[in-house]
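A short write-up of the structure that comes next.
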Amino acid sequence: MEKTRIDKWLWAARFFKTRSLATEAVNRGHVQIDKQDIKPAHDVRVGHVLTIWQAKIPRTVEVMGISEQRGSAPVAQQLYAETPDSIEQRTKAAEQRRLSPEPALAMEHGRPTKRDRRDLEKTWGDRWSASVDS
């Protein structure tokens, strides 16, 4: 076997849990071959360089083998080789996410209490709109 559909290969290489997820990612432009957008039926061959966007982080891999069957993780990892630049970018992104502050801590005031809601309702009075009636 020297070629296969890109969606089958992505599923077999365990980049996506199902073939339909792989097809959807290809349709959305999250998978490129040699920096060109493709369709799910596009053939992938040994030596192609794929760019796969997962969680807004690009992974650049070179196809080392072809398979249409999903196997175990060690077998799937033999189907591709990730470039050193891609590995470095992923580790930097992971470190940046680890060091970034928790978004929930940035909130000054959380959900209003029952008392706060009542106070908010009092300011409106009988008016049902913020516009001023003339």
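Labeling convention for the structure tokens: chains A, B, ... as they appear, residues from 1 per chain, ligands from 1 in order of appearance.
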Would you pick out the contacts of segment 83-90 of chain A at 6 Å or less, using only C-alpha atoms, so that residues sharing its chain but fewer than 4 positions from it are not included, and give the list as a PDB file with all heavy atoms, in the first residue's frame?
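File written: around07.pdb
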ATOM      1  N   ARG A  59       0.934  21.107  14.606  1.00  0.00           N
ATOM      2  CA  ARG A  59       1.892  20.002  14.671  1.00  0.00           C
ATOM      3  C   ARG A  59       2.341  19.728  13.245  1.00  0.00           C
ATOM      4  O   ARG A  59       1.515  19.523  12.360  1.00  0.00           O
ATOM      5  CB  ARG A  59       1.253  18.750  15.235  1.00  0.00           C
ATOM      6  CG  ARG A  59       0.858  18.861  16.685  1.00  0.00           C
ATOM      7  CD  ARG A  59       0.251  17.583  17.168  1.00  0.00           C
ATOM      8  NE  ARG A  59       1.309  16.623  17.416  1.00  0.00           N
ATOM      9  CZ  ARG A  59       1.104  15.443  17.982  1.00  0.00           C
ATOM     10  NH1 ARG A  59      -0.099  15.071  18.315  1.00  0.00           N
ATOM     11  NH2 ARG A  59       2.113  14.637  18.182  1.00  0.00           N
ATOM     12  N   THR A  60       3.626  19.739  13.012  1.00  0.00           N
ATOM     13  CA  THR A  60       4.163  19.441  11.693  1.00  0.00           C
ATOM     14  C   THR A  60       4.780  18.053  11.747  1.00  0.00           C
ATOM     15  O   THR A  60       5.705  17.815  12.537  1.00  0.00           O
ATOM     16  CB  THR A  60       5.213  20.482  11.281  1.00  0.00           C
ATOM     17  OG1 THR A  60       4.623  21.782  11.379  1.00  0.00           O
ATOM     18  CG2 THR A  60       5.679  20.259   9.863  1.00  0.00           C
ATOM     19  N   VAL A  61       4.259  17.157  10.932  1.00  0.00           N
ATOM     20  CA  VAL A  61       4.725  15.769  10.936  1.00  0.00           C
ATOM     21  C   VAL A  61       5.040  15.327   9.513  1.00  0.00           C
ATOM     22  O   VAL A  61       4.459  15.817   8.543  1.00  0.00           O
ATOM     23  CB  VAL A  61       3.682  14.812  11.556  1.00  0.00           C
ATOM     24  CG1 VAL A  61       3.425  15.151  13.001  1.00  0.00           C
ATOM     25  CG2 VAL A  61       2.400  14.803  10.783  1.00  0.00           C
TER      26      VAL A  61
END
Next item on the list: Would you please extract all helix (DSSP H, G or I) residues from segment 59-101 of chain A, as assigned by DSSP on the backbone, and give them as an MDAnalysis selection string?
Entry: chainID A and resid 73:77 84:99
Export N, CA, C and O atoms of the chosen residues as an mmCIF file, in the first residue's frame?
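Once written, selection.cif looks like this:
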data_model
loop_
_atom_site.group_PDB
_atom_site.id
_atom_site.type_symbol
_atom_site.label_atom_id
_atom_site.label_comp_id
_atom_site.auth_asym_id
_atom_site.auth_seq_id
_atom_site.Cartn_x
_atom_site.Cartn_y
_atom_site.Cartn_z
ATOM 1 N N ALA A 73 -1.252 2.424 20.094
ATOM 2 C CA ALA A 73 -0.542 3.705 20.071
ATOM 3 C C ALA A 73 0.913 3.559 19.606
ATOM 4 O O ALA A 73 1.380 4.374 18.807
ATOM 5 N N PRO A 74 1.666 2.561 20.081
ATOM 6 C CA PRO A 74 3.045 2.427 19.581
ATOM 7 C C PRO A 74 3.122 2.183 18.072
ATOM 8 O O PRO A 74 4.015 2.691 17.400
ATOM 9 N N VAL A 75 2.169 1.435 17.539
ATOM 10 C CA VAL A 75 2.139 1.191 16.089
ATOM 11 C C VAL A 75 1.789 2.474 15.352
ATOM 12 O O VAL A 75 2.387 2.801 14.326
ATOM 13 N N ALA A 76 0.835 3.226 15.892
ATOM 14 C CA ALA A 76 0.422 4.477 15.254
ATOM 15 C C ALA A 76 1.554 5.501 15.256
ATOM 16 O O ALA A 76 1.695 6.269 14.304
ATOM 17 N N GLN A 77 2.363 5.529 16.292
ATOM 18 C CA GLN A 77 3.459 6.490 16.362
ATOM 19 C C GLN A 77 4.552 6.200 15.344
ATOM 20 O O GLN A 77 5.346 7.081 15.019
ATOM 21 N N PRO A 84 11.434 18.613 14.815
ATOM 22 C CA PRO A 84 11.925 19.215 16.068
ATOM 23 C C PRO A 84 11.337 20.598 16.338
ATOM 24 O O PRO A 84 11.070 20.939 17.492
ATOM 25 N N ASP A 85 11.120 21.403 15.287
ATOM 26 C CA ASP A 85 10.512 22.725 15.474
ATOM 27 C C ASP A 85 9.099 22.600 16.045
ATOM 28 O O ASP A 85 8.693 23.375 16.912
ATOM 29 N N SER A 86 8.354 21.621 15.550
ATOM 30 C CA SER A 86 6.997 21.408 16.019
ATOM 31 C C SER A 86 6.975 20.988 17.484
ATOM 32 O O SER A 86 6.152 21.467 18.270
ATOM 33 N N ILE A 87 7.890 20.121 17.860
ATOM 34 C CA ILE A 87 7.976 19.677 19.257
ATOM 35 C C ILE A 87 8.310 20.860 20.156
ATOM 36 O O ILE A 87 7.723 21.031 21.229
ATOM 37 N N GLU A 88 9.236 21.699 19.706
ATOM 38 C CA GLU A 88 9.628 22.872 20.495
ATOM 39 C C GLU A 88 8.450 23.841 20.656
ATOM 40 O O GLU A 88 8.223 24.363 21.756
ATOM 41 N N GLN A 89 7.696 24.084 19.598
ATOM 42 C CA GLN A 89 6.541 24.977 19.678
ATOM 43 C C GLN A 89 5.489 24.426 20.634
ATOM 44 O O GLN A 89 4.895 25.171 21.411
ATOM 45 N N ARG A 90 5.249 23.112 20.595
ATOM 46 C CA ARG A 90 4.255 22.519 21.484
ATOM 47 C C ARG A 90 4.678 22.614 22.944
ATOM 48 O O ARG A 90 3.856 22.897 23.815
ATOM 49 N N THR A 91 5.960 22.410 23.233
ATOM 50 C CA THR A 91 6.418 22.515 24.624
ATOM 51 C C THR A 91 6.352 23.953 25.119
ATOM 52 O O THR A 91 5.987 24.196 26.270
ATOM 53 N N LYS A 92 6.675 24.928 24.237
ATOM 54 C CA LYS A 92 6.560 26.332 24.625
ATOM 55 C C LYS A 92 5.112 26.703 24.916
ATOM 56 O O LYS A 92 4.819 27.407 25.877
ATOM 57 N N ALA A 93 4.193 26.238 24.071
ATOM 58 C CA ALA A 93 2.774 26.532 24.272
ATOM 59 C C ALA A 93 2.263 25.896 25.565
ATOM 60 O O ALA A 93 1.483 26.509 26.299
ATOM 61 N N ALA A 94 2.705 24.684 25.852
ATOM 62 C CA ALA A 94 2.284 24.019 27.085
ATOM 63 C C ALA A 94 2.810 24.758 28.305
ATOM 64 O O ALA A 94 2.092 24.932 29.302
ATOM 65 N N GLU A 95 4.050 25.219 28.245
ATOM 66 C CA GLU A 95 4.630 25.971 29.359
ATOM 67 C C GLU A 95 3.902 27.304 29.546
ATOM 68 O O GLU A 95 3.643 27.732 30.678
ATOM 69 N N GLN A 96 3.566 27.956 28.448
ATOM 70 C CA GLN A 96 2.850 29.225 28.519
ATOM 71 C C GLN A 96 1.464 29.035 29.129
ATOM 72 O O GLN A 96 1.023 29.835 29.947
ATOM 73 N N ARG A 97 0.770 27.954 28.749
ATOM 74 C CA ARG A 97 -0.535 27.668 29.338
ATOM 75 C C ARG A 97 -0.411 27.366 30.829
ATOM 76 O O ARG A 97 -1.256 27.755 31.627
ATOM 77 N N ARG A 98 0.656 26.680 31.203
ATOM 78 C CA ARG A 98 0.856 26.327 32.609
ATOM 79 C C ARG A 98 1.103 27.559 33.463
ATOM 80 O O ARG A 98 0.642 27.652 34.594
ATOM 81 N N LEU A 99 1.819 28.542 32.905
ATOM 82 C CA LEU A 99 2.173 29.731 33.668
ATOM 83 C C LEU A 99 1.121 30.839 33.599
ATOM 84 O O LEU A 99 1.188 31.783 34.379
#
Note to self: My list of candidates is A:Thr113, A:Ser100, A:Thr4, A:Gln78. Which is closest to Asp43 of chain A when distances are computed with only C-alpha atoms?
What the structure shows: A:Thr4
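You will find atom CA of Thr23 of chain A at 9.0 Å from atom CA of Leu10 of chain A.
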Notebook entry, point to check: Could you pull out the strand (DSSP E or B) residues of chain A from DSSP and send them as a ChimeraX atom specification?
Noted result: /A:3-5,31-33,36-37,43-45,49-54,57-63,80-82
Check: At what distance in Å, to one decimal, does atom CA of Thr51 of chain A lie from atom CA of Gly29 of chain A?
Finding: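 Computing it gives 10.1 Å between the two atoms.
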Next item on the list: Can you work out which one of A:Ile66, A:Ile6, A:Arg14, A:Met1 has the shortest atom-to-atom distance to Pro40 of chain A, counting only C-alpha atoms?
Entry: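 For Pro40 of chain A, the nearest of the given residues is A:Ile6.
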Notebook entry, point to check: Neighbours of Ser20 of chain A within 10 Å (only C-alpha atoms; same-chain residues fewer than 6 positions away dropped), as a PyMOL selection string?
Noted result: chain A and resi 7-8+11+26+40
Checklist line | Polymer residues at most 8 Å from Val46 of chain A, only C-alpha atoms, same-chain spacing of 5 or more positions, as a ChimeraX atom specification | finding: /A:2-3,62-66
Notebook entry, point to check: What gap, in Å, lies between atom CA of His30 of chain A and atom CA of Trp53 of chain A?
Noted result: 5.0 Å
Next item on the list: Identify which of the residues A:His48, A:His109, A:Arg70, A:Lys122 lies closest to Glu82 of chain A, counting only C-alpha atoms when measuring atom-to-atom distances.
Entry: A:His48
